[in-house]
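Trainee: For reference, this is target01.txt, and it has compact mmCIF, C-alpha atoms and all ligand atoms.
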```
# COMPACT_ATOMS: atom_id res chain seq x y z
CA MET A 1 10.67 -155.71 -72.89
CA LYS A 2 14.16 -157.11 -73.19
CA SER A 3 13.76 -159.26 -70.10
CA THR A 4 10.44 -160.58 -71.41
CA THR A 5 12.14 -161.68 -74.58
CA ALA A 6 14.90 -163.35 -72.65
CA LEU A 7 12.34 -165.13 -70.52
CA PHE A 8 10.50 -166.20 -73.63
CA LEU A 9 13.71 -167.65 -75.06
CA LEU A 10 14.21 -169.56 -71.86
CA PHE A 11 10.67 -170.89 -72.10
CA CYS A 12 11.43 -172.12 -75.59
CA PHE A 13 13.81 -174.61 -74.07
CA LEU A 14 11.36 -175.63 -71.40
CA VAL A 15 8.42 -176.04 -73.70
CA PRO A 16 8.37 -179.06 -76.01
CA SER A 17 7.94 -178.38 -79.69
CA ALA A 18 4.27 -179.41 -79.58
CA LEU A 19 3.45 -175.79 -80.34
CA ALA A 20 4.87 -175.90 -83.85
CA GLN A 21 1.45 -176.99 -85.10
CA LEU A 22 1.76 -176.45 -88.82
CA LYS A 23 2.98 -179.40 -90.83
CA PHE A 24 2.66 -180.97 -94.23
CA ALA A 25 -0.19 -183.47 -94.61
CA PHE A 26 -1.57 -182.60 -91.17
CA TYR A 27 -4.90 -184.23 -92.10
CA GLY A 28 -3.33 -187.37 -93.55
CA PRO A 29 -4.32 -189.57 -90.59
CA SER A 30 -7.53 -187.79 -89.59
CA CYS A 31 -9.18 -186.80 -92.88
CA HIS A 32 -7.22 -187.93 -95.89
CA ARG A 33 -9.88 -186.68 -98.31
CA THR A 34 -9.35 -183.04 -97.30
CA GLY A 35 -7.20 -182.12 -100.31
CA SER A 36 -9.35 -183.84 -102.91
CA ILE A 37 -12.63 -182.43 -101.57
CA ILE A 38 -11.23 -178.91 -101.52
CA SER A 39 -9.69 -179.13 -104.98
CA THR A 40 -12.94 -180.50 -106.45
CA VAL A 41 -15.06 -177.66 -105.08
CA VAL A 42 -12.50 -175.03 -106.08
CA ALA A 43 -12.16 -176.45 -109.61
CA ASP A 44 -15.95 -176.53 -110.07
CA SER A 45 -16.28 -172.96 -108.82
CA PHE A 46 -13.39 -171.79 -111.02
CA ARG A 47 -14.99 -173.36 -114.09
CA ARG A 48 -18.14 -171.36 -113.42
CA ASP A 49 -16.31 -168.14 -112.52
CA PRO A 50 -12.53 -167.72 -112.89
CA SER A 51 -12.63 -164.58 -110.76
CA ILE A 52 -12.84 -166.78 -107.65
CA THR A 53 -9.04 -166.80 -107.51
CA ALA A 54 -9.14 -163.07 -106.79
CA ALA A 55 -11.95 -163.54 -104.28
CA LEU A 56 -10.03 -166.19 -102.33
CA LEU A 57 -6.68 -164.40 -102.47
CA ARG A 58 -8.24 -161.29 -100.99
CA MET A 59 -10.19 -163.28 -98.41
CA GLN A 60 -7.00 -164.98 -97.26
CA PHE A 61 -5.13 -161.67 -97.03
CA HIS A 62 -7.94 -159.99 -95.09
CA ASP A 63 -8.11 -162.93 -92.72
CA CYS A 64 -4.37 -163.40 -92.18
CA PHE A 65 -3.53 -159.72 -91.80
CA VAL A 66 -5.94 -159.38 -88.88
CA THR A 67 -5.05 -161.60 -85.89
CA GLY A 68 -3.36 -164.22 -88.09
CA CYS A 69 -4.75 -166.90 -90.41
CA ASP A 70 -7.50 -168.02 -88.05
CA ALA A 71 -10.67 -167.69 -90.18
CA SER A 72 -11.93 -164.96 -87.84
CA LEU A 73 -13.08 -163.14 -90.98
CA LEU A 74 -15.65 -165.88 -91.59
CA ILE A 75 -17.52 -165.36 -88.33
CA ASP A 76 -20.94 -163.89 -89.04
CA PRO A 77 -22.08 -160.78 -87.19
CA ARG A 78 -25.01 -161.22 -84.82
CA PRO A 79 -27.46 -158.61 -83.59
CA GLY A 80 -25.45 -156.35 -81.29
CA ARG A 81 -22.26 -158.33 -81.99
CA PRO A 82 -20.56 -157.03 -85.15
CA SER A 83 -17.60 -159.02 -86.45
CA GLU A 84 -14.68 -158.43 -88.82
CA LYS A 85 -17.03 -159.20 -91.68
CA SER A 86 -19.16 -156.14 -90.83
CA THR A 87 -16.35 -153.64 -91.39
CA GLY A 88 -15.87 -151.35 -94.40
CA PRO A 89 -12.65 -152.93 -95.74
CA ASN A 90 -14.34 -156.35 -95.75
CA ALA A 91 -17.61 -155.20 -97.29
CA SER A 92 -16.61 -156.33 -100.78
CA VAL A 93 -14.81 -159.52 -99.78
CA ARG A 94 -16.50 -162.36 -101.62
CA GLY A 95 -16.29 -166.13 -102.04
CA TYR A 96 -17.63 -167.14 -98.61
CA GLU A 97 -20.03 -169.57 -100.29
CA ILE A 98 -17.06 -171.58 -101.63
CA ILE A 99 -15.66 -172.05 -98.13
CA ASP A 100 -19.15 -172.93 -96.83
CA GLU A 101 -19.59 -175.58 -99.51
CA ILE A 102 -16.18 -177.12 -98.78
CA LYS A 103 -16.87 -177.12 -95.05
CA ARG A 104 -20.27 -178.74 -95.63
CA ARG A 105 -18.72 -181.56 -97.68
CA LEU A 106 -15.85 -182.07 -95.23
CA GLU A 107 -18.18 -182.18 -92.24
CA ALA A 108 -20.11 -184.95 -93.99
CA VAL A 109 -17.03 -187.19 -94.11
CA CYS A 110 -14.87 -185.99 -91.19
CA PRO A 111 -16.97 -184.02 -88.72
CA GLY A 112 -15.13 -181.45 -86.63
CA ILE A 113 -11.69 -182.15 -88.06
CA VAL A 114 -10.67 -179.62 -90.69
CA SER A 115 -10.37 -175.99 -89.64
CA CYS A 116 -11.86 -173.22 -91.76
CA ALA A 117 -8.49 -171.46 -91.63
CA ASP A 118 -6.90 -174.44 -93.39
CA ILE A 119 -9.77 -174.58 -95.88
CA VAL A 120 -9.16 -170.93 -96.82
CA ALA A 121 -5.41 -171.56 -97.18
CA LEU A 122 -5.77 -174.74 -99.26
CA ALA A 123 -8.58 -173.37 -101.43
CA THR A 124 -6.56 -170.23 -102.19
CA ARG A 125 -3.52 -172.33 -103.03
CA ASP A 126 -5.59 -174.43 -105.46
CA ALA A 127 -7.19 -171.34 -107.02
CA ILE A 128 -3.77 -169.74 -107.61
CA LYS A 129 -2.70 -172.79 -109.58
CA LEU A 130 -5.90 -172.85 -111.64
CA ALA A 131 -5.25 -169.21 -112.60
CA GLY A 132 -1.84 -170.06 -114.04
CA GLY A 133 0.11 -169.38 -110.87
CA PRO A 134 2.56 -171.69 -109.14
CA SER A 135 1.71 -175.07 -107.70
CA PHE A 136 3.04 -175.59 -104.21
CA LEU A 137 2.60 -177.52 -101.00
CA ILE A 138 1.47 -175.77 -97.86
CA LYS A 139 1.50 -176.79 -94.26
CA THR A 140 -1.77 -177.21 -92.41
CA GLY A 141 -2.88 -177.43 -88.79
CA ARG A 142 -4.18 -173.88 -88.34
CA ARG A 143 -6.79 -173.47 -85.66
CA ASP A 144 -9.87 -171.33 -85.98
CA GLY A 145 -10.08 -168.27 -83.77
CA LEU A 146 -13.08 -167.57 -81.57
CA ARG A 147 -12.63 -163.83 -81.55
CA SER A 148 -13.78 -161.62 -84.41
CA ASN A 149 -13.75 -157.99 -83.37
CA PRO A 150 -14.21 -155.10 -85.83
CA ALA A 151 -11.73 -153.12 -83.74
CA ASP A 152 -8.96 -155.52 -84.79
CA VAL A 153 -9.40 -154.75 -88.48
CA ASN A 154 -6.35 -152.70 -89.40
CA LEU A 155 -6.25 -153.31 -93.14
CA PRO A 156 -4.47 -150.76 -95.30
CA GLY A 157 -6.51 -148.52 -97.59
CA PRO A 158 -5.86 -148.00 -101.33
CA THR A 159 -4.09 -144.66 -100.90
CA ILE A 160 -1.82 -145.69 -98.05
CA PRO A 161 1.67 -144.21 -98.54
CA VAL A 162 4.37 -146.78 -99.31
CA SER A 163 6.23 -146.00 -96.08
CA ALA A 164 3.09 -146.58 -93.99
CA SER A 165 2.39 -149.80 -95.87
CA ILE A 166 5.95 -150.99 -95.18
CA GLY A 167 5.28 -150.30 -91.51
CA ALA A 168 1.94 -152.13 -91.54
CA PHE A 169 3.52 -155.23 -93.10
CA ALA A 170 6.56 -155.05 -90.82
CA VAL A 171 4.28 -155.27 -87.78
CA LYS A 172 3.14 -158.62 -89.17
CA GLY A 173 6.72 -159.84 -89.61
CA LEU A 174 6.74 -159.29 -93.39
CA ASN A 175 9.58 -157.35 -95.02
CA VAL A 176 9.53 -154.93 -97.98
CA ASP A 177 10.25 -157.70 -100.45
CA ASP A 178 7.37 -159.77 -99.05
CA MET A 179 5.11 -156.75 -99.25
CA VAL A 180 5.85 -155.99 -102.91
CA THR A 181 5.46 -159.66 -103.83
CA LEU A 182 2.21 -160.02 -101.94
CA ILE A 183 0.60 -156.82 -103.22
CA GLY A 184 1.70 -157.46 -106.82
CA GLY A 185 0.83 -161.15 -106.67
CA GLY A 186 -2.54 -160.39 -105.10
CA HIS A 187 -3.37 -157.54 -107.45
CA SER A 188 -2.32 -159.55 -110.51
CA VAL A 189 -5.97 -160.68 -110.57
CA GLY A 190 -9.32 -159.16 -109.59
CA SER A 191 -10.94 -155.77 -109.67
CA ILE A 192 -11.37 -152.49 -107.87
CA HIS A 193 -14.42 -150.25 -107.59
CA CYS A 194 -14.17 -146.83 -109.26
CA SER A 195 -14.88 -145.06 -105.95
CA LEU A 196 -11.58 -146.41 -104.60
CA PHE A 197 -9.27 -144.88 -107.20
CA GLN A 198 -10.82 -141.48 -107.95
CA ASP A 199 -7.46 -139.84 -107.23
CA ARG A 200 -5.88 -141.79 -110.10
CA LEU A 201 -8.43 -140.44 -112.57
CA ASN A 202 -7.02 -136.97 -111.91
CA ASP A 203 -3.38 -138.06 -112.01
CA PRO A 204 -1.68 -136.43 -115.03
CA ALA A 205 1.17 -138.96 -114.82
CA MET A 206 -1.11 -141.91 -115.52
CA ASP A 207 -0.89 -143.53 -118.95
CA ARG A 208 -3.19 -141.42 -121.11
CA SER A 209 -5.12 -144.09 -122.93
CA LEU A 210 -5.74 -146.05 -119.73
CA ASN A 211 -6.83 -142.86 -117.99
CA ALA A 212 -9.35 -142.13 -120.74
CA GLN A 213 -10.64 -145.69 -120.67
CA LEU A 214 -11.06 -145.69 -116.88
CA ARG A 215 -12.80 -142.31 -116.92
CA ASN A 216 -15.22 -143.67 -119.45
CA THR A 217 -15.97 -146.83 -117.47
CA CYS A 218 -16.26 -144.96 -114.20
CA SER A 219 -18.72 -142.44 -115.62
CA ALA A 220 -21.38 -145.17 -115.49
CA PRO A 221 -23.66 -145.24 -112.44
CA ASN A 222 -23.49 -147.65 -109.49
CA ASP A 223 -19.76 -147.61 -108.88
CA PRO A 224 -18.51 -150.05 -111.53
CA SER A 225 -15.30 -152.07 -111.16
CA VAL A 226 -12.23 -152.33 -113.38
CA PHE A 227 -9.40 -154.84 -113.47
CA LEU A 228 -6.43 -154.20 -111.19
CA ASP A 229 -4.06 -155.77 -113.71
CA GLN A 230 -5.13 -154.42 -117.07
CA ARG A 231 -2.96 -156.84 -119.03
CA THR A 232 -3.72 -160.31 -117.65
CA PRO A 233 -6.59 -159.86 -115.19
CA PHE A 234 -7.33 -163.57 -114.75
CA VAL A 235 -3.74 -164.85 -114.57
CA VAL A 236 -1.57 -164.96 -111.45
CA ASP A 237 1.64 -163.70 -113.01
CA ASN A 238 4.01 -160.75 -112.89
CA ALA A 239 2.44 -158.66 -115.66
CA ILE A 240 1.22 -156.07 -113.16
CA TYR A 241 4.81 -155.11 -112.31
CA GLY A 242 5.27 -154.06 -115.95
CA GLU A 243 2.03 -152.12 -115.75
CA MET A 244 3.27 -150.34 -112.63
CA GLN A 245 6.43 -149.32 -114.48
CA ARG A 246 4.39 -147.93 -117.38
CA GLN A 247 2.15 -145.81 -115.11
CA ARG A 248 -0.68 -148.20 -115.84
CA ALA A 249 -1.42 -149.44 -112.33
CA VAL A 250 -4.96 -148.59 -111.25
CA MET A 251 -4.72 -148.44 -107.47
CA ARG A 252 -2.64 -145.65 -105.93
CA ILE A 253 -0.51 -147.92 -103.74
CA ASP A 254 0.19 -150.25 -106.69
CA GLN A 255 1.42 -147.32 -108.78
CA ASN A 256 3.48 -145.92 -105.95
CA LEU A 257 5.35 -149.20 -105.53
CA ALA A 258 7.05 -148.39 -108.84
CA LEU A 259 7.67 -144.76 -107.93
CA ASP A 260 8.88 -144.93 -104.33
CA GLY A 261 12.62 -145.39 -103.83
CA ALA A 262 12.04 -148.02 -101.16
CA THR A 263 10.22 -150.37 -103.53
CA SER A 264 10.93 -149.37 -107.14
CA GLY A 265 14.04 -151.55 -107.31
CA ILE A 266 12.04 -154.62 -106.30
CA VAL A 267 9.33 -153.83 -108.84
CA SER A 268 11.84 -153.49 -111.66
CA ARG A 269 13.74 -156.66 -110.85
CA SER A 270 12.96 -158.71 -113.89
CA GLU A 271 13.62 -162.02 -112.22
CA TRP A 272 10.48 -161.68 -110.14
CA ALA A 273 8.89 -165.00 -110.81
CA VAL A 274 6.25 -167.35 -109.57
CA ALA A 275 8.82 -169.11 -107.41
CA LYS A 276 9.05 -165.98 -105.32
CA MET A 277 5.37 -166.05 -104.63
CA VAL A 278 5.75 -169.55 -103.24
CA GLN A 279 8.48 -168.32 -100.93
CA THR A 280 6.32 -165.42 -99.85
CA ASN A 281 3.41 -167.69 -99.21
CA ARG A 282 5.65 -169.54 -96.78
CA ARG A 283 6.33 -166.22 -95.08
CA MET A 284 2.56 -165.65 -94.86
CA GLU A 285 2.42 -168.99 -93.06
CA ALA A 286 4.84 -167.51 -90.59
CA LEU A 287 2.08 -165.11 -89.57
CA GLU A 288 0.79 -167.97 -87.49
CA ASP A 289 4.10 -168.30 -85.80
CA ALA A 290 4.24 -164.56 -85.20
CA ILE A 291 0.86 -164.72 -83.49
CA ASP A 292 1.98 -167.67 -81.46
CA ASN A 293 5.12 -165.91 -80.45
CA GLN A 294 3.08 -162.93 -79.34
CA THR A 295 0.97 -165.25 -77.24
CA LYS A 296 4.07 -166.88 -75.79
CA GLU A 297 5.57 -163.52 -75.01
CA LEU A 298 2.41 -162.43 -73.24
CA VAL A 299 2.44 -165.62 -71.22
CA ALA A 300 6.08 -165.11 -70.39
CA ALA A 301 5.22 -161.59 -69.25
CA ILE A 302 2.34 -162.84 -67.09
CA ALA A 303 4.39 -165.61 -65.54
CA GLU A 304 7.14 -163.11 -64.85
CA ARG A 305 4.78 -160.58 -63.33
CA GLU A 306 2.85 -163.12 -61.31
CA ASN A 307 5.98 -164.88 -60.19
CA GLY A 308 4.66 -168.24 -61.35
CA CYS A 309 1.32 -169.33 -62.70
CA LEU A 310 -2.09 -168.26 -61.61
CA LYS A 311 -4.85 -170.79 -61.99
CA GLU A 312 -7.22 -168.11 -63.18
CA SER A 313 -5.57 -165.07 -64.54
CA SER A 314 -6.98 -161.87 -63.11
CA ILE A 315 -6.00 -160.08 -66.26
CA ASP A 316 -8.52 -159.69 -69.04
CA PHE A 317 -6.63 -160.10 -72.29
CA GLY A 318 -9.65 -160.38 -74.52
CA ASN A 319 -7.70 -163.21 -76.10
CA LEU A 320 -8.62 -166.79 -75.41
CA ASN A 321 -5.40 -168.11 -76.90
CA VAL A 322 -3.36 -166.51 -74.17
CA LEU A 323 -5.34 -168.13 -71.39
CA THR A 324 -5.40 -171.52 -73.08
CA TYR A 325 -1.69 -171.35 -73.64
CA LEU A 326 -1.06 -170.13 -70.12
CA HIS A 327 -2.89 -173.12 -68.66
CA TRP A 328 -1.16 -175.51 -71.02
CA PHE A 329 2.18 -173.94 -70.26
CA CYS A 330 1.71 -174.17 -66.50
CA GLU A 331 0.85 -177.84 -66.74
CA THR A 332 3.71 -178.63 -69.06
CA VAL A 333 6.46 -176.97 -67.11
CA GLY A 334 5.05 -178.27 -63.83
CA PHE A 335 4.46 -174.95 -62.10
CA ALA A 336 2.07 -175.60 -59.25
CA PRO A 337 -0.93 -173.51 -60.26
CA LYS A 338 -1.84 -170.97 -57.64
CA THR A 339 -5.31 -169.70 -57.05
CA LYS A 340 -5.85 -165.99 -56.53
CA GLU A 341 -6.21 -166.59 -52.78
CA HIS A 342 -2.81 -168.25 -52.55
CA ARG A 343 -1.10 -165.52 -54.42
CA GLU A 344 2.10 -164.35 -52.77
C1 LIG A 401 -1.24 -152.23 -98.99
C2 LIG A 401 -1.85 -153.35 -99.27
C3 LIG A 401 -3.17 -153.49 -99.95
C4 LIG A 401 -4.14 -152.59 -100.16
C5 LIG A 401 -4.16 -151.13 -99.76
C6 LIG A 401 -5.19 -153.24 -100.88
C7 LIG A 401 -6.38 -152.66 -101.25
C8 LIG A 401 -7.32 -153.23 -102.08
C9 LIG A 401 -8.51 -152.56 -102.57
C10 LIG A 401 -8.94 -151.15 -102.20
C11 LIG A 401 -9.14 -153.42 -103.39
C12 LIG A 401 -10.44 -153.17 -104.15
C13 LIG A 401 -11.64 -153.52 -103.31
C14 LIG A 401 -12.94 -153.11 -103.92
O1 LIG A 401 -13.00 -152.60 -105.03
O2 LIG A 401 -13.97 -153.32 -103.28
C15 LIG A 401 -8.36 -154.63 -103.44
C16 LIG A 401 -8.67 -155.72 -104.19
C17 LIG A 401 -7.96 -156.89 -104.14
N1 LIG A 401 -6.87 -157.17 -103.33
FE1 LIG A 401 -5.85 -155.86 -102.24
N2 LIG A 401 -4.85 -154.55 -101.08
C18 LIG A 401 -3.61 -154.74 -100.53
C19 LIG A 401 -2.91 -155.92 -100.49
C20 LIG A 401 -3.35 -157.11 -101.00
C21 LIG A 401 -2.71 -158.38 -100.83
C22 LIG A 401 -1.43 -158.60 -100.04
C23 LIG A 401 -3.45 -159.30 -101.50
C24 LIG A 401 -3.27 -160.79 -101.63
C25 LIG A 401 -2.14 -161.42 -101.47
C26 LIG A 401 -4.55 -158.60 -102.11
C27 LIG A 401 -5.48 -159.16 -102.94
C28 LIG A 401 -6.48 -158.46 -103.56
C29 LIG A 401 -7.32 -159.04 -104.60
C30 LIG A 401 -7.19 -160.44 -105.20
C31 LIG A 401 -8.26 -158.06 -104.95
C32 LIG A 401 -9.40 -158.19 -105.96
C33 LIG A 401 -10.60 -158.79 -105.24
C34 LIG A 401 -11.77 -159.12 -106.12
O3 LIG A 401 -11.70 -159.02 -107.35
O4 LIG A 401 -12.80 -159.50 -105.54
N3 LIG A 401 -4.48 -157.28 -101.76
N4 LIG A 401 -7.27 -154.47 -102.63
```
Translate the structure described by the file into structure tokens.
Mentor:
Amino acid sequence: MKSTTALFLLFCFLVPSALAQLKFAFYGPSCHRTGSIISTVVADSFRRDPSITAALLRMQFHDCFVTGCDASLLIDPRPGRPSEKSTGPNASVRGYEIIDEIKRRLEAVCPGIVSCADIVALATRDAIKLAGGPSFLIKTGRRDGLRSNPADVNLPGPTIPVSASIGAFAVKGLNVDDMVTLIGGGHSVGSIHCSLFQDRLNDPAMDRSLNAQLRNTCSAPNDPSVFLDQRTPFVVDNAIYGEMQRQRAVMRIDQNLALDGATSGIVSRSEWAVAKMVQTNRRMEALEDAIDNQTKELVAAIAERENGCLKESSIDFGNLNVLTYLHWFCETVGFAPKTKEHRE
């Protein structure tokens, strides 16, 4: 593994920086109306239903956490070909119609230019601002993935222990601070179905009046939902951290963030502010880079193993990005591509 990393570092010097795709105003030259079209659709949708901020935030998280921010969550299942969308954790993800409407309008003015992954990122950014959250610039240039496999969906469940959650975020290159900011920022809006926090209803430590209220709501049929942040459910702010400290978080993992020694200090830090969410959003952007680096590392490993570049790799990676990058890489560094027959 060490040698692969070293090889990868070497390749960094050989490979021009064309791979650092994300940049500010990426669509300036190719589709300058991208921002205004997205913000119009998001503002109209928000006026009709302010809960779309929660819908988009969750959609972005569920997309980015699984194979990077590549819109693979948006790919519809087909008969015999389930996709990420078909899985349990994504069953209640909503807001797809907003992305569809934006894509439809963008295709009418700039066909084939703006990726769905960028639409999700920009729409979520706009929706955060409309819900009282920070206003910030984000880089664009994400590419849409072609792969959407239910087996890739490794999203954490509501009762995941804090330590396991730290591990799950770490795999994505996000640290404990990022995790607490993202979970709290995300769960500062939106709702959760009663079936997903039954354990909290029987938790004697939970704030009594909230417990009684939730029991009452959840006694209704058809699995009703309640707000994740009981204080300011439509505002992207830090109120939920106060709720966590008062044993008033609804979801188990949210409550445990305030109780676990690894995260309680971060929760109680009063200076948590919107600015931090902006920073963390930038770290979410780095998920792209992490994916790219994985791809680069795989390519480095192949090139190392194959002692050069094969024209057609005999290895099935189930990942188109790797092959595309491998071909690009071989051309760029001037390795004479070898066919399988000429393999040494
Ligand atoms: C350990 C991490 C996380 C777990 C276990 C988790 C789990 C959940 C669960 C179980 C729900 C309720 C779903 C339902 O009732 O159908 C939910 C809702 C939600 N989550 Fe998370 N989540 C996590 C992290 C995040 C992050 C990082 C974000 C965004 C940055 C986020 C944003 C949301 C939002 C906005 C909702 C409400 C959605 C709506 O109202 O439609 N979550 N989450």
Trainee: Could you work out an axis-aligned box for ligand LIG 401 (chain A), taking every atom the file lists and adding 8 Å on each side, and report centre and edge lengths in Å to one decimal, as JSON?
Mentor:
```
{"center_x": -7.6, "center_y": -156.3, "center_z": -103.2, "size_x": 28.7, "size_y": 26.3, "size_z": 24.4}
```
Trainee: Using only C-alpha atoms and all ligand atoms, what are the residues with an atom within 8 Å of ligand LIG 401 (chain A), set out as a VMD selection string?
Mentor: chain A and resid 51 to 62 89 91 to 94 155 to 160 162 165 179 181 to 196 225 227 to 228 251 253
Trainee: Counting only C-alpha atoms, find residues at most 9 Å from (-7.0, -171.6, -99.9) (file frame) and give them as a ChimeraX atom specification.
Mentor: /A:38,42,56-57,60,99,117-128
Trainee: How would the residues just picked look written out with C-alpha atoms as a tab-separated table (two decimals), keeping the file's coordinate frame?
Mentor:
```tsv
chain	number	residue	atom	x	y	z
A	38	ILE	CA	-11.23	-178.91	-101.52
A	42	VAL	CA	-12.50	-175.03	-106.08
A	56	LEU	CA	-10.03	-166.19	-102.33
A	57	LEU	CA	-6.68	-164.40	-102.47
A	60	GLN	CA	-7.00	-164.98	-97.26
A	99	ILE	CA	-15.66	-172.05	-98.13
A	117	ALA	CA	-8.49	-171.46	-91.63
A	118	ASP	CA	-6.90	-174.44	-93.39
A	119	ILE	CA	-9.77	-174.58	-95.88
A	120	VAL	CA	-9.16	-170.93	-96.82
A	121	ALA	CA	-5.41	-171.56	-97.18
A	122	LEU	CA	-5.77	-174.74	-99.26
A	123	ALA	CA	-8.58	-173.37	-101.43
A	124	THR	CA	-6.56	-170.23	-102.19
A	125	ARG	CA	-3.52	-172.33	-103.03
A	126	ASP	CA	-5.59	-174.43	-105.46
A	127	ALA	CA	-7.19	-171.34	-107.02
A	128	ILE	CA	-3.77	-169.74	-107.61
```
Trainee: Ranking A:Val114, A:Arg231, A:Arg143, A:Met206 by minimum distance to Pro29 of chain A and counting all atoms listed in the file, which one comes first?
Mentor: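 Looking only at the distances to Pro29 of chain A, the closest residue turns out to be A:Val114.
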Trainee: Atom CA of Ser86 of chain A and atom CA of Phe197 of chain A are how many Å apart?
Mentor: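 Atom-to-atom, atom CA of Ser86 of chain A to atom CA of Phe197 of chain A, that is 22.2 Å.
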Trainee: Name the residues in contact with Thr87 of chain A at a cut-off of 9 Å, using all atoms listed in the file, excluding same-chain residues fewer than 5 positions from it; report them as a PyMOL selection string.
Mentor: chain A and resi 82+150-151+153
Trainee: What does the distance from atom CA of Ser83 of chain A to atom CA of Cys69 of chain A come to in Å, to one decimal?
Mentor: 15.6 Å
Trainee: Atom CA of Asp100 of chain A and atom CA of Ser39 of chain A are how many Å apart?
Mentor: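 We find that atom CA of Asp100 of chain A and atom CA of Ser39 of chain A lie 13.9 Å from each other.
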Trainee: Restricting the calculation to only C-alpha atoms, which member of A:Asp76, A:Ala131, A:Ile102, A:Glu243 is positioned closest to Phe46 of chain A?
Mentor: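 Of all the options, A:Ala131 lies closest to Phe46 of chain A.
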Trainee: A:Gly261, A:Gly68, A:Gly35, A:Gly242: which is nearest Asp229 of chain A, counting only C-alpha atoms?
Mentor: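 Looking at the shortest contact to Asp229 of chain A, the residue is A:Gly242.
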Trainee: Which of these residues is nearest to Thr263 of chain A, using only C-alpha atoms: A:Asp207, A:Asp177, A:Asp49, A:Asp223?
Mentor: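 Residue with the minimum atom-to-atom distance to Thr263 of chain A: A:Asp177.
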Trainee: Set the distance at 9 Å and use all atoms listed in the file: which residues neighbour Ala168 of chain A once local chain neighbours fewer than 4 positions away are removed? I'd like the list as a PDB file with C-alpha atoms, in the frame of the given file.
Mentor:
```pdb
ATOM      1  CA  ASN A 154      -6.350-152.700 -89.400  1.00  0.00           C
ATOM      2  CA  LEU A 155      -6.250-153.310 -93.140  1.00  0.00           C
ATOM      3  CA  PRO A 156      -4.470-150.760 -95.300  1.00  0.00           C
ATOM      4  CA  SER A 163       6.230-146.000 -96.080  1.00  0.00           C
ATOM      5  CA  ALA A 164       3.090-146.580 -93.990  1.00  0.00           C
ATOM      6  CA  LYS A 172       3.140-158.620 -89.170  1.00  0.00           C
ATOM      7  CA  LEU A 174       6.740-159.290 -93.390  1.00  0.00           C
TER       8      LEU A 174
END
```
Trainee: Excluding Asn202 of chain A and its own-chain neighbours fewer than 3 positions away, which residues fall within 12 Å of it when counting all atoms listed in the file? Please give them as an MDAnalysis selection string.
Mentor: chainID A and resid 197:199 205:208 211:212 214:215 250 252
Trainee: Identify which of the residues A:Lys85, A:Arg269, A:Arg104, A:Arg142 lies closest to Asn238 of chain A, counting only C-alpha atoms when measuring atom-to-atom distances.
Mentor: A:Arg269
